[in-house]
Structure formats: structure tokens, C-alpha cells
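Novice: So that you have it, the file is coords00.cif, and it contains mmCIF, C-alpha atoms and all ligand atoms:
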data_work
#
loop_
_atom_site.label_atom_id
_atom_site.label_comp_id
_atom_site.auth_asym_id
_atom_site.auth_seq_id
_atom_site.Cartn_x
_atom_site.Cartn_y
_atom_site.Cartn_z
CA LYS A 1 101.97 81.92 78.44
CA ASN A 2 105.26 82.73 80.16
CA LEU A 3 105.53 85.91 82.15
CA LEU A 4 109.03 85.35 83.46
CA SER A 5 111.72 83.12 82.07
CA ILE A 6 115.10 82.80 83.76
CA LYS A 7 117.85 80.94 81.91
CA ASP A 8 121.15 79.78 83.40
CA LEU A 9 121.34 82.80 85.67
CA LYS A 10 124.57 83.37 87.53
CA VAL A 11 124.77 86.21 90.01
CA ASN A 12 127.73 87.49 92.01
CA ILE A 13 127.81 89.56 95.15
CA GLU A 14 131.16 91.28 95.54
CA GLU A 15 132.89 88.86 93.13
CA LYS A 16 131.52 85.82 94.93
CA GLU A 17 129.25 83.53 92.91
CA ILE A 18 125.95 83.14 94.78
CA LEU A 19 123.51 82.00 92.10
CA LYS A 20 125.14 79.26 90.04
CA GLY A 21 122.80 78.73 87.10
CA ILE A 22 119.12 79.25 87.90
CA ASN A 23 116.46 78.09 85.45
CA LEU A 24 112.88 79.07 86.23
CA GLU A 25 109.77 79.77 84.21
CA ILE A 26 106.69 81.42 85.65
CA GLY A 27 103.50 81.48 83.63
CA GLU A 28 100.80 84.14 83.79
CA GLY A 29 98.58 83.70 86.82
CA GLU A 30 100.75 81.08 88.50
CA VAL A 31 101.78 80.94 92.15
CA HIS A 32 105.30 79.61 92.75
CA ILE A 33 107.03 78.94 96.04
CA ILE A 34 110.77 78.87 96.57
CA MET A 35 112.05 77.15 99.68
CA GLY A 36 115.52 76.22 100.76
CA PRO A 37 118.01 76.30 103.60
CA ASN A 38 119.34 79.56 104.93
CA GLY A 39 122.11 81.06 102.82
CA GLY A 40 121.09 79.18 99.66
CA GLY A 41 120.47 82.35 97.66
CA LYS A 42 116.71 82.88 97.85
CA SER A 43 116.89 86.56 98.74
CA THR A 44 119.69 87.00 96.21
CA LEU A 45 117.35 85.73 93.50
CA ALA A 46 114.64 88.15 94.63
CA TYR A 47 117.03 91.12 94.57
CA ALA A 48 118.54 90.08 91.23
CA LEU A 49 115.05 89.89 89.72
CA MET A 50 114.26 93.35 91.04
CA GLY A 51 117.53 94.74 89.68
CA HIS A 52 119.33 95.66 92.87
CA PRO A 53 122.67 97.18 91.79
CA SER A 54 124.80 95.14 94.24
CA TYR A 55 123.80 91.90 92.53
CA GLU A 56 125.86 91.40 89.40
CA ILE A 57 124.49 89.21 86.63
CA VAL A 58 127.51 87.44 85.20
CA GLN A 59 125.74 84.95 82.97
CA GLY A 60 122.30 84.00 81.67
CA GLU A 61 119.17 85.99 81.07
CA ILE A 62 116.04 87.24 82.76
CA LYS A 63 113.20 87.64 80.31
CA PHE A 64 110.04 89.40 81.46
CA LYS A 65 107.04 89.93 79.17
CA GLY A 66 109.20 88.84 76.25
CA GLU A 67 111.98 91.34 76.89
CA ILE A 68 115.43 90.64 78.31
CA ILE A 69 115.65 92.88 81.37
CA ASN A 70 119.18 92.04 82.58
CA ASP A 71 120.30 95.63 82.13
CA LEU A 72 117.17 97.45 83.26
CA SER A 73 117.31 99.49 86.46
CA ALA A 74 115.11 98.54 89.42
CA ASP A 75 113.01 101.58 88.72
CA LYS A 76 112.29 100.50 85.13
CA ARG A 77 111.54 96.94 86.22
CA ALA A 78 109.00 98.26 88.72
CA LYS A 79 107.38 100.25 85.93
CA LYS A 80 107.22 97.10 83.79
CA GLY A 81 105.31 95.37 86.58
CA ILE A 82 107.75 93.63 88.90
CA PHE A 83 107.17 94.15 92.59
CA LEU A 84 109.33 93.09 95.50
CA SER A 85 107.67 93.50 98.86
CA PHE A 86 109.72 95.75 100.99
CA GLN A 87 109.23 96.04 104.65
CA TYR A 88 110.40 99.13 106.41
CA PRO A 89 111.71 97.75 109.65
CA GLU A 90 111.78 101.18 111.19
CA GLU A 91 108.81 103.35 111.93
CA ILE A 92 108.34 106.45 109.82
CA PRO A 93 106.52 108.96 112.00
CA GLY A 94 104.98 111.80 109.99
CA VAL A 95 104.32 109.65 106.89
CA THR A 96 100.94 107.95 106.77
CA VAL A 97 100.23 104.67 105.04
CA GLU A 98 98.15 106.57 102.49
CA GLU A 99 100.87 109.10 101.67
CA PHE A 100 103.46 106.37 101.42
CA LEU A 101 101.36 104.34 99.00
CA ARG A 102 100.37 107.36 96.91
CA THR A 103 104.05 108.23 96.44
CA ALA A 104 104.87 104.63 95.51
CA LYS A 105 102.00 104.50 93.00
CA THR A 106 103.12 107.78 91.43
CA SER A 107 106.61 106.40 91.07
CA VAL A 108 105.54 103.08 89.49
CA THR A 109 102.96 104.53 87.08
CA GLY A 110 104.90 107.70 86.30
CA GLU A 111 101.64 109.61 86.80
CA THR A 112 100.93 111.92 89.71
CA GLN A 113 98.20 110.38 91.82
CA LYS A 114 95.60 112.98 92.67
CA ILE A 115 94.46 112.87 96.28
CA ILE A 116 90.73 112.23 95.82
CA PRO A 117 90.88 109.50 93.13
CA PHE A 118 93.71 107.82 95.02
CA LYS A 119 91.66 107.80 98.22
CA LYS A 120 88.92 106.03 96.30
CA LEU A 121 91.32 103.42 94.89
CA LEU A 122 92.85 102.85 98.30
CA LYS A 123 89.43 102.45 99.91
CA GLU A 124 88.48 99.78 97.36
CA LYS A 125 91.69 97.85 97.91
CA MET A 126 91.38 98.06 101.68
CA GLU A 127 87.84 96.79 101.57
CA LEU A 128 88.98 93.84 99.47
CA LEU A 129 91.54 93.01 102.15
CA ASP A 130 89.09 93.59 105.04
CA MET A 131 91.12 96.46 106.41
CA LYS A 132 89.65 99.14 108.59
CA GLU A 133 89.54 102.57 106.96
CA GLU A 134 91.42 104.37 109.72
CA TYR A 135 94.48 102.24 108.96
CA ALA A 136 95.23 104.49 105.95
CA SER A 137 95.84 107.49 108.18
CA ARG A 138 98.14 105.77 110.62
CA TYR A 139 101.83 106.58 110.55
CA LEU A 140 103.84 103.98 108.69
CA ASN A 141 104.77 101.07 110.95
CA LEU A 142 104.33 103.13 114.12
CA GLY A 143 103.25 100.60 116.71
CA PHE A 144 102.26 98.09 113.99
CA SER A 145 102.07 94.45 115.00
CA GLY A 146 103.76 91.81 112.84
CA GLY A 147 100.41 91.14 111.19
CA GLU A 148 99.83 94.84 110.49
CA LYS A 149 103.26 95.23 108.89
CA LYS A 150 102.43 92.31 106.63
CA LYS A 151 99.05 93.87 105.82
CA ASN A 152 100.90 96.92 104.70
CA GLU A 153 103.02 94.88 102.29
CA ILE A 154 99.98 93.12 100.88
CA LEU A 155 98.24 96.47 100.51
CA GLN A 156 101.28 97.83 98.65
CA MET A 157 101.04 94.94 96.22
CA SER A 158 97.33 95.46 95.79
CA VAL A 159 97.65 99.20 95.13
CA LEU A 160 100.63 98.90 92.77
CA GLU A 161 98.97 96.10 90.76
CA PRO A 162 102.15 94.36 89.56
CA SER A 163 102.21 91.52 87.01
CA LEU A 164 104.80 89.70 89.08
CA ALA A 165 104.79 90.04 92.85
CA ILE A 166 107.77 88.65 94.75
CA LEU A 167 107.25 88.22 98.48
CA ASP A 168 110.41 87.38 100.39
CA GLU A 169 109.38 86.11 103.78
CA THR A 170 112.76 86.44 105.40
CA ASP A 171 113.95 84.45 108.36
CA SER A 172 112.43 86.84 110.87
CA GLY A 173 109.59 85.24 112.80
CA LEU A 174 106.10 85.50 111.33
CA ASP A 175 103.42 85.02 113.93
CA VAL A 176 100.25 83.10 113.11
CA ASP A 177 98.42 86.35 112.48
CA ALA A 178 101.02 87.51 109.95
CA ILE A 179 101.03 84.16 108.16
CA ARG A 180 97.28 84.39 107.75
CA VAL A 181 97.52 87.94 106.39
CA VAL A 182 100.09 86.92 103.78
CA ALA A 183 98.18 83.80 102.75
CA GLU A 184 94.81 85.53 102.45
CA GLY A 185 96.38 88.48 100.66
CA VAL A 186 98.08 86.27 98.10
CA ASN A 187 94.92 84.29 97.52
CA LYS A 188 92.84 87.42 97.02
CA LEU A 189 95.30 89.17 94.76
CA LYS A 190 96.22 86.37 92.42
CA ASN A 191 94.41 86.42 89.10
CA ASP A 192 94.78 85.20 85.49
CA LYS A 193 97.38 87.83 84.73
CA ARG A 194 99.19 88.31 88.01
CA SER A 195 101.84 85.80 89.03
CA ILE A 196 103.19 85.51 92.53
CA LEU A 197 106.53 84.20 93.73
CA VAL A 198 106.65 83.54 97.46
CA ILE A 199 109.95 82.80 99.14
CA THR A 200 109.38 81.11 102.46
CA HIS A 201 110.31 78.31 104.75
CA TYR A 202 107.07 78.41 106.66
CA ASN A 203 105.10 75.26 106.05
CA LYS A 204 102.02 76.79 107.58
CA LEU A 205 102.09 79.48 104.94
CA LEU A 206 102.69 76.95 102.16
CA ASN A 207 99.68 74.93 103.10
CA TYR A 208 97.36 77.92 102.87
CA LEU A 209 98.71 79.00 99.50
CA ASN A 210 97.88 76.13 97.19
CA PRO A 211 100.80 76.89 94.85
CA ASP A 212 101.16 75.65 91.28
CA TYR A 213 104.83 74.83 91.81
CA VAL A 214 107.25 74.44 94.69
CA HIS A 215 111.00 74.76 94.04
CA ILE A 216 113.91 73.96 96.28
CA LEU A 217 116.83 76.36 96.01
CA LEU A 218 120.02 74.90 97.38
CA ASP A 219 123.50 76.35 97.12
CA GLY A 220 122.62 78.68 94.26
CA ARG A 221 120.68 76.18 92.16
CA ILE A 222 117.10 74.99 91.88
CA VAL A 223 117.54 71.30 92.60
CA GLU A 224 113.95 70.16 92.74
CA THR A 225 110.60 71.32 91.34
CA GLY A 226 107.19 69.85 92.00
CA GLY A 227 104.01 70.41 93.95
CA LEU A 228 103.15 70.70 97.63
CA GLU A 229 104.39 67.15 98.23
CA ILE A 230 107.94 68.53 98.10
CA ALA A 231 107.21 70.88 100.97
CA LYS A 232 105.70 68.02 102.91
CA GLU A 233 108.78 65.92 102.38
CA ILE A 234 111.02 68.76 103.60
CA ASP A 235 108.81 69.18 106.64
CA GLU A 236 109.35 65.55 107.52
CA THR A 237 112.99 65.01 106.67
CA GLY A 238 114.55 68.49 106.53
CA TYR A 239 117.03 69.39 103.80
CA GLU A 240 119.63 66.74 104.66
CA ASN A 241 118.35 64.16 102.13
CA ILE A 242 118.36 66.66 99.32
CA LYS A 243 121.72 68.10 100.35
CA SER A 244 123.32 64.66 100.30
CA GLN A 245 122.07 64.07 96.75
CA PHE A 246 123.86 67.16 95.48
CA SER A 247 127.43 68.19 95.95
CA TYR A 248 126.99 70.73 98.65
CA ASP A 249 129.90 72.71 99.91
CA GLY A 250 127.98 74.67 102.51
P1 LIG A 301 118.79 83.03 101.62
O1 LIG A 301 117.86 84.14 101.34
O2 LIG A 301 118.47 81.77 100.87
O3 LIG A 301 118.95 82.77 103.09
P2 LIG A 301 120.81 84.87 100.67
O4 LIG A 301 120.47 85.15 99.25
O5 LIG A 301 120.46 85.88 101.69
O6 LIG A 301 120.24 83.43 101.07
O7 LIG A 301 122.38 84.61 100.77
C1 LIG A 301 123.08 83.75 99.89
C2 LIG A 301 124.58 83.87 100.14
O8 LIG A 301 125.00 85.16 99.78
C3 LIG A 301 124.99 83.67 101.59
O9 LIG A 301 126.19 82.95 101.59
C4 LIG A 301 125.21 85.07 102.09
O10 LIG A 301 126.18 85.09 103.09
C5 LIG A 301 125.67 85.78 100.85
N1 LIG A 301 125.27 87.20 100.87
C6 LIG A 301 124.01 87.65 100.89
N2 LIG A 301 123.97 88.99 100.89
C7 LIG A 301 125.26 89.39 100.88
C8 LIG A 301 125.89 90.68 100.87
N3 LIG A 301 125.19 91.81 100.86
N4 LIG A 301 127.25 90.70 100.83
C9 LIG A 301 127.97 89.56 100.82
N5 LIG A 301 127.43 88.33 100.83
C10 LIG A 301 126.10 88.24 100.86
MG MG A 302 118.68 84.00 104.84
MG MG A 303 116.62 85.28 102.52
#
Would you write the structure of this file as C-alpha cells?

Specialist:
Amino acid sequence: KNLLSIKDLKVNIEEKEILKGINLEIGEGEVHIIMGPNGGGKSTLAYALMGHPSYEIVQGEIKFKGEIINDLSADKRAKKGIFLSFQYPEEIPGVTVEEFLRTAKTSVTGETQKIIPFKKLLKEKMELLDMKEEYASRYLNLGFSGGEKKKNEILQMSVLEPSLAILDETDSGLDVDAIRVVAEGVNKLKNDKRSILVITHYNKLLNYLNPDYVHILLDGRIVETGGLEIAKEIDETGYENIKSQFSYDG
């Protein structure tokens, strides 16, 4: 059963066409990977799915749980079960991980999260991810390592319990520790109902993930879809072969 279905999606940023007709279907419980050269539009797709206001849908449709969500605000999409991992690059002293997550959960569910039951939920989720309890009372990102920041994102996903989790592993360096956190988190949190879309160019991460599908996004279009063998091919030959097969003006 399809969770997400994207048809001929064109998206502009400031009048410039970035996504040039994306077609993508994600079934319930599937793990999909999107790879592609820098500037191809991967992050644009993630933001457009989440409903970021700067990304203008000029054609096509995004259907989620059977409903066209093109015109829904980011807030409403989050309530429907779409999650985009967001990493606060800056430290937020004075706000603990627990407070941050409780506020986020309140916002997504529309129900105030009482302190005691939320503590219990958080404890369960942290145990599942092998996280030490004292982590919850640390200030957000203050002195966090790359791996700990990633843990925080995975914990967000686990607490918010989305139907579709989008993880955009941007071009900033992920150390081995962080790659392992993301991979283990994804593997623990995927289930029959929850689908996960991971955007990455890290082959190490790909190999741990055992995805159902790998897609190559190039110059605003998905030009190839298959299994892990695609990632392997890219690892060996880079994107040049694929680029030369498609008219590429980049
Ligand atoms: P990727 O994530 O695949 O590296 P992006 O989606 O970040 O690619 O970028 C796709 C294209 O959109 C690039 O040409 C980039 O310069 C452009 N772009 C991205 N964000 C903005 C923005 N906020 N304003 C203008 N152009 C942007
Ligand atoms: Mg980029
Ligand atoms: Mg990007």
C-alpha cells in the first residue's frame, strides 16, 4: 500500500525551476535512499515534501495517505505524520533535550504532554536506542559530538512516531560514529507502517541500511531507480556515466 505518491512534481525556488518532474512512490514500511551529486535538488525535495514556504510547487502532486497535500502547511503535514529531521547547528543552553522533545511532541500531536507520562515515554525510547538516561537532561547540542547530535535527531523521530521520516544527511561530514547512529536508528525504528526516506551520499551509511530502493536524483529528476547495486556502481564510477546519459546542464 502506498504511503506517499509524488507525480510529476515541479518545484521552484525564487522563480528558478529546481525540481523538474519528480515521480516517486513510497510504500508503507519501505526504506528508500536518494543519492545524487551536489546541487541536484535532494534537499529541495525534502523541504518541498515538508511544506517549506520558500519552495513553490508549480506542477504535479504530492499525495500522502490518500490525500493531496500540496497546499497543506508544514505544521499540518507534521500532524499528518511527515517528519523531516532538523538539526540545530547551534547550541541552545537552558533548553534540555527532554524539554525540547516534549514541546515538539505537543506540537505534532496537538495534545499537551504531561511531564510524568512524557518522561516514561522518553525513557522507553531512549532504552530502545541504547541511550544513557542522563542524556535527556543535557542542554540541547551543548558540547554534543557529531554522533550525539545525530542521536538527538533519531530520538526526535522515535518520540514523534511519524509515518514518513525524511532524514537529509547534508554534505557536512558525518564521522563513523554518527553514521553508525543513523544506521542503527533507522533499522530500529522502521516497521510495517513507518517508511523512511534517507538522503545521503555516504556509501558506508547505505551499506548498513539495506534499503528497498535506491534512487539517483540528478538535475531535478530521478534518473535511475533500483537496489543497492546502483549505489555500488556510483561508488566505483562516480556520477559521470549517469550524467553523460542525460542532458545535464550543470
Ligand atoms: P542537493 O541537496 O542535492 O545538494 P539542493 O536542493 O540543496 O541540492 O539545491 C538544488 C539547487 O537549488 C541548487 O542549484 C541550489 O543552488 C539551489 N538552491 C537551493 N536552495 C536555494 C535557496 N534557498 N535559494 C536559491 N537557490 C537555492
Ligand atoms: Mg547540497
Ligand atoms: Mg542537500

Novice: Mind dumping a table of every chain A residue within 12 Å of ligand MG 302 (chain A), with the nearest atom pair and its distance in Å to one decimal, using all atoms listed in the file, sorted by chain and rising number, as JSON lines?

Specialist:
{"residue": "A:Met35", "atom": "CA", "partner": "A:MG302", "partner_atom": "MG", "distance": 10.8}
{"residue": "A:Gly36", "atom": "CA", "partner": "A:MG302", "partner_atom": "MG", "distance": 9.3}
{"residue": "A:Pro37", "atom": "CA", "partner": "A:MG302", "partner_atom": "MG", "distance": 7.8}
{"residue": "A:Asn38", "atom": "CA", "partner": "A:MG302", "partner_atom": "MG", "distance": 4.5}
{"residue": "A:Gly39", "atom": "CA", "partner": "A:MG302", "partner_atom": "MG", "distance": 4.9}
{"residue": "A:Gly40", "atom": "CA", "partner": "A:MG302", "partner_atom": "MG", "distance": 7.5}
{"residue": "A:Gly41", "atom": "CA", "partner": "A:MG302", "partner_atom": "MG", "distance": 7.6}
{"residue": "A:Lys42", "atom": "CA", "partner": "A:MG302", "partner_atom": "MG", "distance": 7.3}
{"residue": "A:Ser43", "atom": "CA", "partner": "A:MG302", "partner_atom": "MG", "distance": 6.9}
{"residue": "A:Thr44", "atom": "CA", "partner": "A:MG302", "partner_atom": "MG", "distance": 9.2}
{"residue": "A:Leu45", "atom": "CA", "partner": "A:MG302", "partner_atom": "MG", "distance": 11.5}
{"residue": "A:Ala46", "atom": "CA", "partner": "A:MG302", "partner_atom": "MG", "distance": 11.7}
{"residue": "A:Asp168", "atom": "CA", "partner": "A:MG302", "partner_atom": "MG", "distance": 10.0}
{"residue": "A:Glu169", "atom": "CA", "partner": "A:MG302", "partner_atom": "MG", "distance": 9.6}
{"residue": "A:Thr170", "atom": "CA", "partner": "A:MG302", "partner_atom": "MG", "distance": 6.4}
{"residue": "A:Asp171", "atom": "CA", "partner": "A:MG302", "partner_atom": "MG", "distance": 5.9}
{"residue": "A:Ser172", "atom": "CA", "partner": "A:MG302", "partner_atom": "MG", "distance": 9.1}
{"residue": "A:Ile199", "atom": "CA", "partner": "A:MG302", "partner_atom": "MG", "distance": 10.5}
{"residue": "A:Thr200", "atom": "CA", "partner": "A:MG302", "partner_atom": "MG", "distance": 10.0}
{"residue": "A:His201", "atom": "CA", "partner": "A:MG302", "partner_atom": "MG", "distance": 10.1}
{"residue": "A:Leu217", "atom": "CA", "partner": "A:MG302", "partner_atom": "MG", "distance": 11.8}
{"residue": "A:Leu218", "atom": "CA", "partner": "A:MG302", "partner_atom": "MG", "distance": 11.8}
{"residue": "A:Asp219", "atom": "CA", "partner": "A:MG302", "partner_atom": "MG", "distance": 11.9}

Novice: Name the closest residue to Ile196 (chain A) among the candidates A:Leu142, A:Ala231, A:Met157, A:Leu9; distances are taken between atoms, counting all atoms listed in the file.

Specialist: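 Selected residue with least distance to Ile196 (chain A): A:Met157.
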
Novice: For a quick check of your reading of the model, name the residues lying within 8 Å of the coordinate (105.3, 93.0, 93.0), counting only C-alpha atoms, and write them as a list of chain:residue names.

Specialist: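 I get A:Ala78, A:Gly81, A:Ile82, A:Phe83, A:Leu84, A:Ser85, A:Met157, A:Leu160, A:Glu161, A:Pro162, A:Ser163, A:Leu164, A:Ala165, A:Ile166, A:Leu167, A:Ile196 for the residues within 8 Å of that point.
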
Novice: Using CA of Asn241 (chain A) and CA of His32 (chain A) as the two end points, give the distance in Å to one decimal.

Specialist: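 CA of His32 (chain A) lies at a distance of 22.3 Å from CA of Asn241 (chain A).
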
Novice: Taking 6 positions as the minimum chain separation for residues in the same chain, which residues sit within 9 Å of Lys193 (chain A) when counting all atoms listed in the file? Answer as number ranges by chain.

Specialist: A: 3, 27-30, 163-164

Novice: Distance CA of Arg180 (chain A)-CA of Glu148 (chain A), one decimal place?

Specialist: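 Between these atoms lies a distance of 11.1 Å.
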
Novice: To one decimal in Å, tell me the separation between CA of Ile18 (chain A) and CA of Phe246 (chain A).

Specialist: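 A separation of 16.1 Å between them.
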
Novice: Which one is closest to Glu184 (chain A): A:Leu140, A:Leu129, A:Ile230, A:Ile68? Count all atoms listed in the file.

Specialist: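 For Glu184 (chain A), the nearest of the given residues is A:Leu129.
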
Novice: Here is a test: counting all atoms listed in the file, which residue of A:Asp212, A:Glu56, A:Glu111, A:Glu67 is nearest to ligand LIG 301 (chain A)?

Specialist: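 For ligand LIG 301 (chain A), the nearest of the candidates is A:Glu56.
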
Novice: Using only C-alpha atoms, can you tell me which of A:Ile34, A:Leu209, A:Ala104, A:Ile216 comes closest to Lys190 (chain A)?

Specialist: A:Leu209

Novice: Put a box with edges along x, y and z around all the listed atoms of ligand LIG 301 (chain A), pad it by 5 Å on each side, then give me its centre and sizes in Å, one decimal, as lines of an AutoDock Vina configuration file.

Specialist:
center_x = 122.9
center_y = 86.8
center_z = 101.2
size_x = 20.1
size_y = 20.0
size_z = 13.8

Novice: Which residue gives the smallest distance to Val31 (chain A) among A:Ala48, A:Ala178, A:Leu228, A:Ile6, with all atoms listed in the file counted?

Specialist: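 When distances to Val31 (chain A) are compared using all atoms listed in the file, the smallest one comes from A:Leu228.
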
Novice: I'd like the contact shell of Gly146 (chain A) - 10 Å cut-off, only C-alpha atoms, skipping same-chain residues fewer than 3 positions apart - returned as number ranges by chain.

Specialist: A: 141, 143, 149-151, 173-179, 181

Novice: Measuring atom to atom with all atoms listed in the file, identify which of A:Ser5, A:Thr109, A:Asn12, A:Asn210 is nearest to ligand LIG 301 (chain A).

Specialist: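 Looking only at the distances to ligand LIG 301 (chain A), the closest residue turns out to be A:Asn12.
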
Novice: Would you list the residues near (91.0, 86.9, 96.3), meaning any protein, DNA or RNA residue with an atom at most 12 Å from that point in file coordinates, counting all atoms listed in the file, as a ChimeraX atom specification?

Specialist: /A:125,127-130,154,158,182-192,194,209
